[in-house]
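Coordinates as given in query-v6.cif (mmCIF, C-alpha atoms and all ligand atoms):
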data_start
loop_
_atom_site.label_atom_id
_atom_site.label_comp_id
_atom_site.auth_asym_id
_atom_site.auth_seq_id
_atom_site.Cartn_x
_atom_site.Cartn_y
_atom_site.Cartn_z
CA MET J 1 21.03 -48.24 7.51
CA ASN J 2 22.53 -49.16 4.21
CA ASN J 3 25.29 -46.94 2.96
CA LYS J 4 24.28 -45.78 -0.51
CA PRO J 5 25.41 -42.13 -0.67
CA LYS J 6 23.66 -39.08 -2.12
CA LEU J 7 20.39 -38.76 -4.03
CA ASP J 8 19.89 -40.82 -7.17
CA ALA J 9 18.83 -39.14 -10.43
CA ALA J 10 15.14 -39.99 -9.97
CA ARG J 11 14.96 -38.52 -6.47
CA LEU J 12 16.96 -35.52 -7.59
CA SER J 13 14.57 -34.64 -10.39
CA ARG J 14 11.65 -35.21 -8.00
CA MET J 15 13.30 -32.77 -5.59
CA VAL J 16 13.56 -30.15 -8.33
CA GLU J 17 9.85 -30.58 -9.02
CA ILE J 18 9.01 -30.32 -5.33
CA SER J 19 11.19 -27.25 -4.91
CA ARG J 20 9.38 -25.56 -7.76
CA ALA J 21 6.00 -26.46 -6.28
CA LEU J 22 6.96 -25.32 -2.78
CA ASN J 23 8.19 -22.02 -4.11
CA SER J 24 4.85 -21.28 -5.70
CA ILE J 25 2.80 -21.87 -2.50
CA THR J 26 2.44 -18.76 -0.36
CA ASN J 27 -0.10 -19.99 2.19
CA LEU J 28 1.78 -21.41 5.19
CA ASP J 29 -0.73 -24.18 6.06
CA ASP J 30 -0.95 -25.39 2.44
CA LEU J 31 2.81 -25.35 2.25
CA LEU J 32 3.26 -27.43 5.41
CA SER J 33 0.73 -30.06 4.35
CA HIS J 34 2.48 -30.32 1.00
CA ILE J 35 5.87 -30.80 2.65
CA ILE J 36 4.78 -33.56 5.03
CA LYS J 37 2.98 -35.40 2.27
CA GLU J 38 6.17 -35.36 0.18
CA ALA J 39 8.30 -36.29 3.21
CA ALA J 40 6.22 -39.41 3.92
CA ASP J 41 6.12 -40.38 0.22
CA LEU J 42 9.81 -39.87 -0.46
CA THR J 43 11.03 -41.80 2.58
CA GLN J 44 8.25 -44.39 2.49
CA ALA J 45 7.24 -43.57 6.01
CA GLU J 46 3.96 -44.34 7.71
CA ALA J 47 3.57 -40.69 8.64
CA ALA J 48 5.45 -37.42 8.78
CA SER J 49 5.11 -34.29 10.84
CA ILE J 50 6.46 -30.78 11.17
CA LEU J 51 7.14 -28.96 14.40
CA LEU J 52 7.90 -25.26 14.20
CA LEU J 53 9.79 -23.23 16.75
CA ASP J 54 7.75 -20.49 18.37
CA PRO J 55 10.29 -17.64 18.57
CA ARG J 56 8.54 -16.13 21.61
CA THR J 57 8.06 -19.18 23.87
CA HIS J 58 11.08 -21.12 22.56
CA GLN J 59 8.94 -24.22 22.37
CA LEU J 60 8.04 -26.38 19.41
CA HIS J 61 4.53 -27.04 18.29
CA PHE J 62 2.97 -29.36 15.79
CA LYS J 63 2.03 -27.58 12.64
CA ALA J 64 1.20 -30.40 10.29
CA SER J 65 1.04 -34.16 10.26
CA SER J 66 0.21 -36.58 7.50
CA ASN J 67 -2.19 -38.51 9.69
CA GLN J 68 -4.94 -35.87 9.81
CA ILE J 69 -3.70 -33.59 12.54
CA PRO J 70 -6.36 -33.37 15.24
CA SER J 71 -6.86 -29.98 16.86
CA GLN J 72 -5.60 -31.27 20.24
CA MET J 73 -2.24 -31.99 18.61
CA ALA J 74 -1.77 -28.42 17.48
CA GLU J 75 -2.10 -27.33 21.10
CA ILE J 76 0.62 -29.62 22.40
CA MET J 77 3.76 -27.66 23.16
CA VAL J 78 6.97 -29.62 22.93
CA SER J 79 9.77 -28.41 25.15
CA LEU J 80 13.23 -28.06 23.65
CA ASP J 81 14.87 -29.69 26.67
CA ASP J 82 13.25 -33.10 26.98
CA SER J 83 12.08 -34.11 23.52
CA ILE J 84 13.61 -35.76 20.48
CA ALA J 85 12.51 -32.90 18.21
CA GLY J 86 14.05 -30.43 20.67
CA ALA J 87 17.34 -32.34 20.61
CA ILE J 88 17.38 -32.27 16.79
CA LEU J 89 16.69 -28.54 16.77
CA ARG J 90 19.29 -27.80 19.44
CA ALA J 91 21.97 -29.91 17.73
CA ASN J 92 20.92 -28.46 14.38
CA LYS J 93 21.61 -31.81 12.70
CA PRO J 94 19.67 -34.94 11.65
CA MET J 95 18.98 -37.82 14.04
CA TYR J 96 17.70 -41.31 13.60
CA ILE J 97 16.03 -42.95 16.59
CA GLN J 98 15.59 -46.62 15.76
CA ASP J 99 13.48 -47.46 18.78
CA VAL J 100 11.81 -44.54 20.49
CA THR J 101 10.74 -46.59 23.51
CA ARG J 102 14.39 -46.82 24.52
CA ASP J 103 14.99 -43.11 24.27
CA PRO J 104 14.50 -41.22 27.53
CA ARG J 105 13.54 -38.06 25.60
CA TRP J 106 10.59 -39.82 23.99
CA ASN J 107 7.25 -38.42 25.04
CA PRO J 108 4.42 -40.87 24.34
CA GLN J 109 1.73 -38.22 25.00
CA VAL J 110 1.34 -37.15 21.37
CA GLY J 111 1.00 -40.73 20.14
CA GLN J 112 -1.66 -41.37 22.74
CA VAL J 113 -3.63 -38.28 21.77
CA ILE J 114 -3.80 -39.25 18.12
CA ASN J 115 -3.72 -42.97 18.68
CA PHE J 116 -0.56 -43.50 16.66
CA ASP J 117 2.10 -45.97 17.62
CA THR J 118 5.52 -44.42 16.87
CA ARG J 119 8.45 -46.82 16.68
CA GLN J 120 11.11 -44.99 14.67
CA ILE J 121 11.80 -41.33 14.12
CA LEU J 122 13.99 -39.95 11.36
CA GLY J 123 14.24 -36.23 12.08
CA VAL J 124 16.04 -33.35 10.40
CA PRO J 125 16.20 -29.65 11.27
CA MET J 126 14.51 -27.13 8.99
CA ARG J 127 16.67 -24.04 8.60
CA ASN J 128 16.09 -20.51 7.40
CA VAL J 129 18.32 -18.70 4.89
CA ASN J 130 20.80 -17.93 7.69
CA GLN J 131 21.09 -21.65 8.46
CA GLU J 132 19.40 -21.18 11.84
CA PRO J 133 17.01 -23.98 12.81
CA VAL J 134 13.34 -22.91 12.69
CA GLY J 135 11.64 -26.28 13.00
CA VAL J 136 11.94 -30.04 12.68
CA LEU J 137 10.72 -32.35 9.94
CA GLU J 138 10.13 -35.95 11.07
CA ALA J 139 9.41 -39.16 9.18
CA LEU J 140 7.82 -41.86 11.38
CA ASN J 141 8.04 -45.66 10.98
CA LYS J 142 9.55 -47.06 7.79
CA VAL J 143 7.08 -49.02 5.68
CA ASP J 144 8.16 -52.22 3.84
CA ALA J 145 11.63 -52.28 5.41
CA ALA J 146 13.12 -52.62 8.85
CA HIS J 147 14.92 -49.28 8.80
CA PHE J 148 15.22 -45.91 7.13
CA SER J 149 18.22 -45.72 4.77
CA VAL J 150 20.98 -43.12 4.42
CA GLN J 151 19.28 -42.08 1.23
CA ASP J 152 16.04 -41.48 3.17
CA LEU J 153 17.95 -39.28 5.54
CA GLU J 154 19.60 -37.32 2.74
CA THR J 155 16.32 -36.92 0.91
CA LEU J 156 14.62 -35.68 4.06
CA ALA J 157 17.50 -33.27 4.75
CA VAL J 158 17.31 -31.76 1.26
CA LEU J 159 13.53 -31.48 1.55
CA ALA J 160 13.88 -29.79 4.94
CA ASP J 161 16.35 -27.29 3.49
CA ILE J 162 13.99 -26.34 0.68
CA ALA J 163 11.07 -26.33 3.11
CA GLY J 164 12.80 -24.14 5.70
CA VAL J 165 13.35 -21.35 3.19
CA ALA J 166 9.86 -21.77 1.71
CA VAL J 167 8.30 -21.62 5.19
CA GLU J 168 10.16 -18.43 5.95
CA LYS J 169 9.08 -16.97 2.64
CA ALA J 170 5.45 -17.89 3.31
CA ARG J 171 5.67 -16.33 6.78
CA LEU J 172 7.08 -13.11 5.32
CA PHE J 173 4.39 -13.15 2.68
CA THR J 174 1.69 -13.48 5.35
CA GLU J 175 3.27 -10.68 7.39
CA LEU J 176 3.39 -8.51 4.29
CA GLU J 177 -0.26 -9.24 3.52
CA GLN J 178 -1.21 -8.35 7.09
CA ALA J 179 0.81 -5.14 6.96
CA ASN J 180 -0.86 -4.28 3.66
CA ALA J 181 -4.31 -4.97 5.07
CA THR J 182 -3.55 -2.76 8.10
CA LEU J 183 -2.38 0.03 5.81
CA SER J 184 -5.52 -0.21 3.67
CA GLU J 185 -7.67 -0.12 6.80
CA LEU J 186 -5.82 2.96 8.07
CA ASP J 187 -6.19 4.59 4.69
CA GLU J 188 -9.90 3.89 4.70
CA VAL J 189 -10.31 5.22 8.25
CA LYS J 190 -8.46 8.40 7.23
CA SER J 191 -10.53 8.81 4.05
CA ASN J 192 -13.77 8.25 5.97
CA PHE J 193 -12.73 10.74 8.61
CA ILE J 194 -11.89 13.40 6.04
CA SER J 195 -15.11 12.77 4.17
CA ILE J 196 -17.29 12.90 7.32
CA ALA J 197 -15.46 15.89 8.79
CA SER J 198 -15.73 17.95 5.60
CA HIS J 199 -19.40 17.07 5.28
CA GLU J 200 -20.20 17.90 8.91
CA LEU J 201 -18.29 21.20 8.83
CA ARG J 202 -20.14 22.45 5.78
CA THR J 203 -23.59 22.87 7.32
CA PRO J 204 -22.65 25.03 10.34
CA LEU J 205 -20.37 27.10 8.10
CA ALA J 206 -23.21 27.75 5.66
CA VAL J 207 -25.35 28.92 8.60
CA ILE J 208 -22.60 31.29 9.80
CA MET J 209 -22.07 32.71 6.32
CA GLY J 210 -25.81 33.13 5.74
CA TYR J 211 -26.43 35.01 9.00
CA VAL J 212 -23.33 37.19 8.72
CA SER J 213 -24.23 38.24 5.16
CA PHE J 214 -27.79 38.97 6.32
CA LEU J 215 -26.69 41.01 9.35
CA ARG J 216 -24.10 42.87 7.31
CA GLU J 217 -26.73 44.30 5.00
CA ASP J 218 -28.35 46.34 7.78
CA ALA J 219 -25.20 47.13 9.74
CA ASP J 220 -23.65 50.59 9.87
CA GLU J 221 -20.24 51.09 8.31
CA THR J 222 -17.91 50.30 11.23
CA VAL J 223 -19.75 47.11 12.16
CA ALA J 224 -19.98 46.14 8.47
CA GLU J 225 -16.19 46.11 8.31
CA GLN J 226 -16.04 43.69 11.19
CA PHE J 227 -18.64 41.50 9.49
CA ASP J 228 -16.46 41.54 6.38
CA THR J 229 -13.55 40.19 8.41
CA VAL J 230 -15.78 37.38 9.68
CA LEU J 231 -16.94 36.68 6.13
CA ASP J 232 -13.34 36.57 4.82
CA ALA J 233 -12.43 34.06 7.48
CA ALA J 234 -15.52 32.00 6.66
CA VAL J 235 -14.66 32.01 2.94
CA HIS J 236 -11.15 30.85 3.78
CA LEU J 237 -12.58 28.07 5.94
CA ARG J 238 -14.89 27.07 3.10
CA GLY J 239 -11.84 26.70 0.82
CA LEU J 240 -10.11 24.39 3.30
CA ILE J 241 -13.24 22.29 3.71
CA GLN J 242 -13.56 22.13 -0.07
CA ASP J 243 -9.97 20.78 -0.28
CA MET J 244 -10.87 18.06 2.23
CA ALA J 245 -14.03 17.21 0.30
CA ASN J 246 -12.04 17.06 -2.95
CA LEU J 247 -9.59 14.68 -1.34
CA SER J 248 -12.34 12.15 -0.65
CA TYR J 249 -13.54 12.76 -4.22
CA VAL J 250 -10.07 11.73 -5.44
CA ASP J 251 -10.03 8.68 -3.17
CA ALA J 252 -13.35 7.52 -4.61
CA GLY J 253 -11.46 7.69 -7.95
CA GLN J 254 -12.81 5.64 -10.80
CA THR J 255 -16.13 4.94 -9.07
CA THR J 256 -17.32 8.52 -9.44
CA LEU J 257 -15.73 9.31 -12.79
CA LEU J 258 -18.30 10.69 -15.24
CA ARG J 259 -16.65 11.22 -18.63
CA GLN J 260 -18.18 13.39 -21.32
CA MET J 261 -17.12 15.44 -24.36
CA VAL J 262 -16.01 18.83 -23.14
CA ASP J 263 -14.61 21.79 -25.10
CA LEU J 264 -11.74 22.88 -22.87
CA ALA J 265 -11.74 26.42 -24.30
CA ALA J 266 -15.47 26.83 -23.60
CA LEU J 267 -15.09 25.38 -20.11
CA VAL J 268 -12.35 27.89 -19.27
CA ARG J 269 -14.45 30.73 -20.66
CA GLU J 270 -17.48 29.65 -18.62
CA MET J 271 -15.50 29.37 -15.40
CA GLU J 272 -14.86 33.14 -15.58
CA LEU J 273 -11.44 32.69 -14.03
CA ALA J 274 -10.47 36.27 -14.94
CA SER J 275 -12.93 37.75 -12.45
CA ASP J 276 -11.62 35.85 -9.41
CA GLU J 277 -12.57 37.89 -6.30
CA THR J 278 -9.26 37.47 -4.48
CA ALA J 279 -7.33 38.47 -7.61
CA VAL J 280 -9.50 41.56 -7.96
CA ALA J 281 -8.89 42.38 -4.29
CA LYS J 282 -5.13 42.04 -4.85
CA ASN J 283 -5.37 44.19 -7.94
CA GLN J 284 -3.92 41.42 -10.10
CA THR J 285 -4.50 41.27 -13.85
CA ILE J 286 -5.68 37.97 -15.28
CA THR J 287 -5.55 37.59 -19.07
CA LEU J 288 -7.19 34.78 -21.03
CA THR J 289 -5.93 33.55 -24.40
CA LEU J 290 -8.34 31.05 -25.92
CA PRO J 291 -8.16 29.29 -29.29
CA ALA J 292 -10.62 30.03 -32.08
CA GLU J 293 -11.30 26.32 -32.64
CA PRO J 294 -12.94 24.11 -30.02
CA LEU J 295 -10.58 21.69 -28.23
CA THR J 296 -12.70 18.67 -27.32
CA VAL J 297 -11.48 16.39 -24.57
CA VAL J 298 -13.28 13.45 -22.95
CA VAL J 299 -13.14 14.20 -19.23
CA ASP J 300 -15.12 14.46 -16.04
CA ARG J 301 -16.08 18.12 -16.25
CA SER J 302 -16.38 18.78 -12.51
CA MET J 303 -13.00 17.15 -11.85
CA ILE J 304 -11.30 19.40 -14.40
CA GLU J 305 -13.04 22.42 -12.86
CA VAL J 306 -11.53 21.49 -9.48
CA VAL J 307 -8.08 21.19 -11.11
CA LEU J 308 -8.24 24.56 -12.87
CA GLY J 309 -9.73 26.21 -9.78
CA ASN J 310 -6.88 24.90 -7.59
CA LEU J 311 -4.24 26.13 -10.07
CA LEU J 312 -5.80 29.58 -10.22
CA ASN J 313 -6.09 29.78 -6.41
CA ASN J 314 -2.37 29.02 -6.12
CA ALA J 315 -1.40 31.52 -8.82
CA VAL J 316 -3.39 34.23 -7.02
CA LYS J 317 -2.07 33.20 -3.60
CA PHE J 318 1.63 33.08 -4.52
CA THR J 319 1.59 36.23 -6.68
CA PRO J 320 1.88 39.60 -4.89
CA GLN J 321 -0.40 42.63 -5.25
CA ASN J 322 -0.54 44.08 -8.78
CA GLY J 323 0.98 40.89 -10.24
CA ARG J 324 -0.02 39.32 -13.55
CA ILE J 325 -1.54 35.94 -14.31
CA ALA J 326 -1.85 34.64 -17.87
CA ILE J 327 -4.11 31.74 -18.80
CA ILE J 328 -3.61 30.13 -22.20
CA VAL J 329 -5.58 27.31 -23.75
CA GLU J 330 -4.04 25.88 -26.91
CA ARG J 331 -3.63 22.85 -29.08
CA GLN J 332 -0.28 21.04 -28.84
CA GLY J 333 -0.17 18.12 -31.28
CA ARG J 334 -2.85 15.68 -30.19
CA GLU J 335 -3.39 17.34 -26.86
CA ALA J 336 -5.22 20.32 -25.42
CA TRP J 337 -3.02 22.31 -23.05
CA PHE J 338 -4.13 24.55 -20.22
CA ARG J 339 -1.27 26.81 -19.11
CA ILE J 340 -1.32 29.21 -16.22
CA GLN J 341 1.62 31.56 -15.74
CA ASP J 342 2.12 33.94 -12.84
CA THR J 343 4.61 36.59 -11.76
CA GLY J 344 4.75 35.24 -8.21
CA CYS J 345 7.52 33.89 -6.00
CA GLY J 346 8.41 31.00 -8.34
CA ILE J 347 9.44 27.47 -7.37
CA ALA J 348 12.97 26.10 -6.95
CA GLU J 349 14.02 23.45 -9.48
CA ASP J 350 14.30 20.66 -6.88
CA GLN J 351 10.75 21.31 -5.64
CA LEU J 352 9.00 21.09 -9.00
CA GLU J 353 8.04 17.41 -8.55
CA ARG J 354 7.57 17.33 -4.80
CA ILE J 355 4.92 20.04 -4.70
CA PHE J 356 2.52 17.46 -6.17
CA SER J 357 2.76 15.19 -3.08
CA ARG J 358 -0.02 15.25 -0.51
CA PHE J 359 0.47 17.79 2.27
CA TYR J 360 3.75 19.03 0.77
CA GLN J 361 4.50 22.73 0.97
CA VAL J 362 7.71 24.51 0.01
CA GLU J 363 7.55 26.87 2.97
CA SER J 364 8.38 25.31 6.32
CA PRO J 365 5.26 24.95 8.49
CA LEU J 366 6.70 27.22 11.19
CA ALA J 367 7.63 30.10 8.90
CA ARG J 368 4.75 30.02 6.46
CA GLN J 369 3.42 33.20 4.93
CA HIS J 370 0.69 31.57 2.86
CA GLU J 371 -2.35 29.68 4.01
CA GLY J 372 -3.29 26.22 2.83
CA MET J 373 -3.03 22.53 3.65
CA GLY J 374 -0.68 21.41 0.88
CA LEU J 375 -3.46 19.44 -0.80
CA GLY J 376 -4.43 21.47 -3.88
CA LEU J 377 -1.73 20.25 -6.26
CA SER J 378 -1.84 16.60 -5.18
CA ILE J 379 -5.59 16.62 -5.74
CA ALA J 380 -5.06 18.30 -9.12
CA LYS J 381 -2.49 15.69 -10.16
CA GLU J 382 -4.62 12.73 -9.14
CA LEU J 383 -7.70 14.15 -10.88
CA VAL J 384 -5.75 14.92 -14.07
CA GLU J 385 -4.32 11.40 -14.11
CA LEU J 386 -7.78 9.87 -13.57
CA ASN J 387 -8.68 11.71 -16.78
CA HIS J 388 -5.63 10.32 -18.62
CA GLY J 389 -3.79 13.63 -18.64
CA ARG J 390 -0.50 15.00 -17.30
CA ILE J 391 0.29 17.97 -15.10
CA TRP J 392 3.64 19.56 -14.35
CA ALA J 393 5.23 22.79 -13.24
CA GLU J 394 7.97 24.94 -14.71
CA SER J 395 9.65 27.84 -13.06
CA ALA J 396 12.59 30.10 -13.47
CA ARG J 397 13.14 31.31 -9.91
CA GLN J 398 11.97 34.90 -9.33
CA ALA J 399 10.28 34.96 -12.73
CA GLY J 400 7.15 33.28 -11.46
CA SER J 401 5.75 29.82 -12.14
CA GLU J 402 3.89 28.06 -14.89
CA PHE J 403 1.60 25.06 -14.48
CA ILE J 404 0.57 23.02 -17.48
CA VAL J 405 -2.26 20.50 -17.80
CA ALA J 406 -2.18 18.35 -20.93
CA LEU J 407 -5.30 16.38 -21.86
CA PRO J 408 -5.62 14.06 -24.86
CA LEU J 409 -7.94 15.41 -27.54
CA ALA J 410 -11.08 13.35 -28.18
CA GLY J 411 -10.44 10.50 -30.60
CA ASP J 412 -6.71 10.61 -29.93
CA ARG J 413 -6.44 8.51 -26.77
CA GLY J 414 -4.09 5.57 -26.57
P1 LIG J 501 -1.23 24.73 -0.67
O1 LIG J 501 -1.31 25.77 -1.72
O2 LIG J 501 -2.51 24.50 0.04
O3 LIG J 501 -0.06 24.89 0.25
P2 LIG J 501 -0.74 22.98 -2.94
O4 LIG J 501 -0.67 21.49 -3.01
O5 LIG J 501 -1.73 23.65 -3.80
O6 LIG J 501 -0.95 23.34 -1.41
O7 LIG J 501 0.71 23.54 -3.28
C1 LIG J 501 1.85 22.97 -2.67
C2 LIG J 501 2.98 23.97 -2.61
O8 LIG J 501 3.45 24.26 -3.94
C3 LIG J 501 2.59 25.32 -2.04
O9 LIG J 501 2.58 25.32 -0.65
C4 LIG J 501 3.65 26.21 -2.63
O10 LIG J 501 4.84 26.10 -1.88
C5 LIG J 501 3.92 25.61 -4.01
N1 LIG J 501 3.14 26.31 -5.07
C6 LIG J 501 1.98 25.91 -5.62
N2 LIG J 501 1.58 26.77 -6.59
C7 LIG J 501 2.52 27.73 -6.65
C8 LIG J 501 2.68 28.92 -7.45
N3 LIG J 501 1.79 29.25 -8.38
N4 LIG J 501 3.78 29.66 -7.22
C9 LIG J 501 4.69 29.31 -6.28
N5 LIG J 501 4.60 28.23 -5.50
C10 LIG J 501 3.52 27.44 -5.68
#

Would you kindly transcribe this structure into structure tokens?
Amino acid sequence: MNNKPKLDAARLSRMVEISRALNSITNLDDLLSHIIKEAADLTQAEAASILLLDPRTHQLHFKASSNQIPSQMAEIMVSLDDSIAGAILRANKPMYIQDVTRDPRWNPQVGQVINFDTRQILGVPMRNVNQEPVGVLEALNKVDAAHFSVQDLETLAVLADIAGVAVEKARLFTELEQANATLSELDEVKSNFISIASHELRTPLAVIMGYVSFLREDADETVAEQFDTVLDAAVHLRGLIQDMANLSYVDAGQTTLLRQMVDLAALVREMELASDETAVAKNQTITLTLPAEPLTVVVDRSMIEVVLGNLLNNAVKFTPQNGRIAIIVERQGREAWFRIQDTGCGIAEDQLERIFSRFYQVESPLARQHEGMGLGLSIAKELVELNHGRIWAESARQAGSEFIVALPLAGDRG
């Protein structure tokens, strides 16, 4: 080897270019082929190859080679104990074998498989960010000179350093992609399950409700009361199933969105929120304050109906007998606001955001006094946001709660 130290300016700027290129490749196989191509070019070698350490078996295997890696080569496992690559990895430092035939660790099997005659090996360890060796980069047979130079070795070592980190990054990227794909699959399985379950539960429930209502008509008073209890339970079940169905509606998101011009004041009037059966049964008063002018918003009407329905259900549920619920629709700047205030149990300051998360409930599951699945508000939030609006809650503890939905007025979006 001649003794010229360190990289010259030309090689250095080439290295910077390579480093930039390697950092932008996230596919491991593409990255490895790029590295070996550069390794062979930079050191003027006949070929180059990369062996990576399998962390489970503690063996090395060929991952890439500049002379068209045949599939048999990828299957060859190289032991750490009796191979040149293994010795480089174990020592965690570069090695130059000038004549492999004289090295007892040399294993001619690979050369035979790919019909390549290896004479010299210049090998350097590839390290991860913690400086632990994760593989070996080898340049084989110097072209146009008798031997590899010190500069070749330094170039290869710098390349291996950049490559080691890039390989680890690409591996992490692949793992992250796989984890993401698994999560999406799980999410889809869950959404499909909820959608199928809510659909399948609806039909038998409709049959039960139909027959019970029919039988109740002819029943005498004492039996009628028992039928009423069955009907109440069935109505409750229908609400839960509706929540599940709405959840799959939200997950379908943009695909089902059907926007149209809607007068929010008229929509609230038509929904007849003030005559809610449960509120009547609890002797609650619901007042409506609607504006004289129409407040036109561009929204998916049925989505907004679900939102307002969920907010009213909660207000009725969390407000005691004889309580009051006020619904106000008004213009606020360039927005139409729907406000619903109740005289119920209120919400603590630190819960005001969290109640909008899926399955979140303020009461602990073991000591709950109210029924529900903790889905209504998260569904409401997602539906409002799909319609470019905002929803939030305000509450002074003990003085009840207020929920506000703000939707941009038509012509004022953006
Ligand atoms: P669910 O009502 O099915 O439990 P929601 O997502 O609709 O689920 O509501 C989440 C939680 O927010 C409720 O469990 C309750 O603790 C709280 N909450 C919602 N609306 C009100 C309200 N009007 N007054 C007091 N607490 C409320």

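Minimum atom-to-atom distances from J:Val100, J:Ala315, J:Ala348, J:Ala265 to ligand LIG 501 (chain J) were compared using all atoms listed in the file, and the lowest value belongs to J:Ala315.
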
| task | Tell me which protein, DNA and RNA residues are within 12 Å of Ala10 in chain J, counting all atoms listed in the file, leaving out same-chain ones fewer than 5 positions away, and put them as an MDAnalysis selection string. | result | chainID J and resid 15:17 42 155

| task | May I ask you to write as number ranges by chain all residues lying at most 8 Å from ligand LIG 501 (chain J), with all atoms listed in the file counted? | result | J: 310-319, 341-342, 344-347, 355-363, 370-379, 400-403

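Atom pair CA of His61 in chain J / CA of Thr118 in chain J: separated by 17.5 Å.
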
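Minimum atom-to-atom distance to Arg202 in chain J, evaluated using all atoms listed in the file, belongs to J:Ala245 out of J:Ala245, J:Val223, J:Ile121, J:Ala145.
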
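Residue nearest Arg301 in chain J within the list J:Leu258, J:Ala410, J:Val268, J:Ala274: J:Leu258 [criterion: smallest interatomic distance, all atoms listed in the file].
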
| task | Considering all atoms listed in the file, return as a PyMOL selection string whatever protein or nucleic-acid residues lie within 6 Å of range 327-334 of chain J, sequence-local ones (same chain, fewer than 6 positions apart) excluded. | result | chain J and resi 288-291+340+409

| query | Of the candidates J:Asn141, J:Ala326, J:Ser13, J:Leu264, which one gets nearest to Thr285 in chain J if we count all atoms listed in the file? | reply | J:Ala326

Counting all atoms listed in the file, what is within 12 Å of Val129 in chain J, bar same-chain residues fewer than 6 positions away, as a short mmCIF file (atom, residue, chain, number, x, y, z; two decimals) with C-alpha atoms, in the frame of the given file?
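Wrote part-v4.cif, looks like this:
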data_model
loop_
_atom_site.label_atom_id
_atom_site.label_comp_id
_atom_site.auth_asym_id
_atom_site.auth_seq_id
_atom_site.Cartn_x
_atom_site.Cartn_y
_atom_site.Cartn_z
CA ALA J 160 13.88 -29.79 4.94
CA ASP J 161 16.35 -27.29 3.49
CA ILE J 162 13.99 -26.34 0.68
CA ALA J 163 11.07 -26.33 3.11
CA GLY J 164 12.80 -24.14 5.70
CA VAL J 165 13.35 -21.35 3.19
CA ALA J 166 9.86 -21.77 1.71
CA VAL J 167 8.30 -21.62 5.19
CA GLU J 168 10.16 -18.43 5.95
CA LYS J 169 9.08 -16.97 2.64
#

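Taking CA of Leu52 in chain J and CA of Met126 in chain J as endpoints, the distance between them is 8.6 Å.
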
Could you get me a file of range 219-232 of chain J with N, CA and C atoms, as a compact mmCIF listing (two decimals), in the first residue's frame, taken from the block above?
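Full text of out14.txt as output:
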# COMPACT_ATOMS: atom_id res chain seq x y z
N ALA J 219 -102.57 -5.58 25.82
CA ALA J 219 -102.28 -6.13 27.16
C ALA J 219 -103.04 -5.36 28.24
N ASP J 220 -103.35 -6.06 29.37
CA ASP J 220 -103.99 -5.31 30.46
C ASP J 220 -102.92 -4.50 31.19
N GLU J 221 -103.34 -3.66 32.11
CA GLU J 221 -102.45 -2.63 32.65
C GLU J 221 -101.15 -3.15 33.28
N THR J 222 -101.26 -4.20 34.10
CA THR J 222 -100.04 -4.66 34.80
C THR J 222 -99.03 -5.23 33.81
N VAL J 223 -99.51 -5.98 32.82
CA VAL J 223 -98.59 -6.54 31.83
C VAL J 223 -98.03 -5.42 30.95
N ALA J 224 -98.88 -4.41 30.66
CA ALA J 224 -98.44 -3.29 29.82
C ALA J 224 -97.23 -2.61 30.44
N GLU J 225 -97.22 -2.49 31.74
CA GLU J 225 -96.09 -1.87 32.43
C GLU J 225 -94.79 -2.64 32.19
N GLN J 226 -94.95 -3.97 32.24
CA GLN J 226 -93.76 -4.80 32.00
C GLN J 226 -93.29 -4.67 30.55
N PHE J 227 -94.26 -4.57 29.63
CA PHE J 227 -93.89 -4.36 28.23
C PHE J 227 -93.16 -3.03 28.06
N ASP J 228 -93.62 -2.03 28.83
CA ASP J 228 -92.95 -0.72 28.75
C ASP J 228 -91.49 -0.81 29.17
N THR J 229 -91.24 -1.62 30.21
CA THR J 229 -89.85 -1.79 30.66
C THR J 229 -89.02 -2.42 29.54
N VAL J 230 -89.61 -3.43 28.87
CA VAL J 230 -88.89 -4.07 27.76
C VAL J 230 -88.63 -3.05 26.66
N LEU J 231 -89.67 -2.24 26.37
CA LEU J 231 -89.51 -1.23 25.31
C LEU J 231 -88.43 -0.21 25.66
N ASP J 232 -88.40 0.23 26.92
CA ASP J 232 -87.36 1.19 27.34
C ASP J 232 -85.97 0.63 27.11
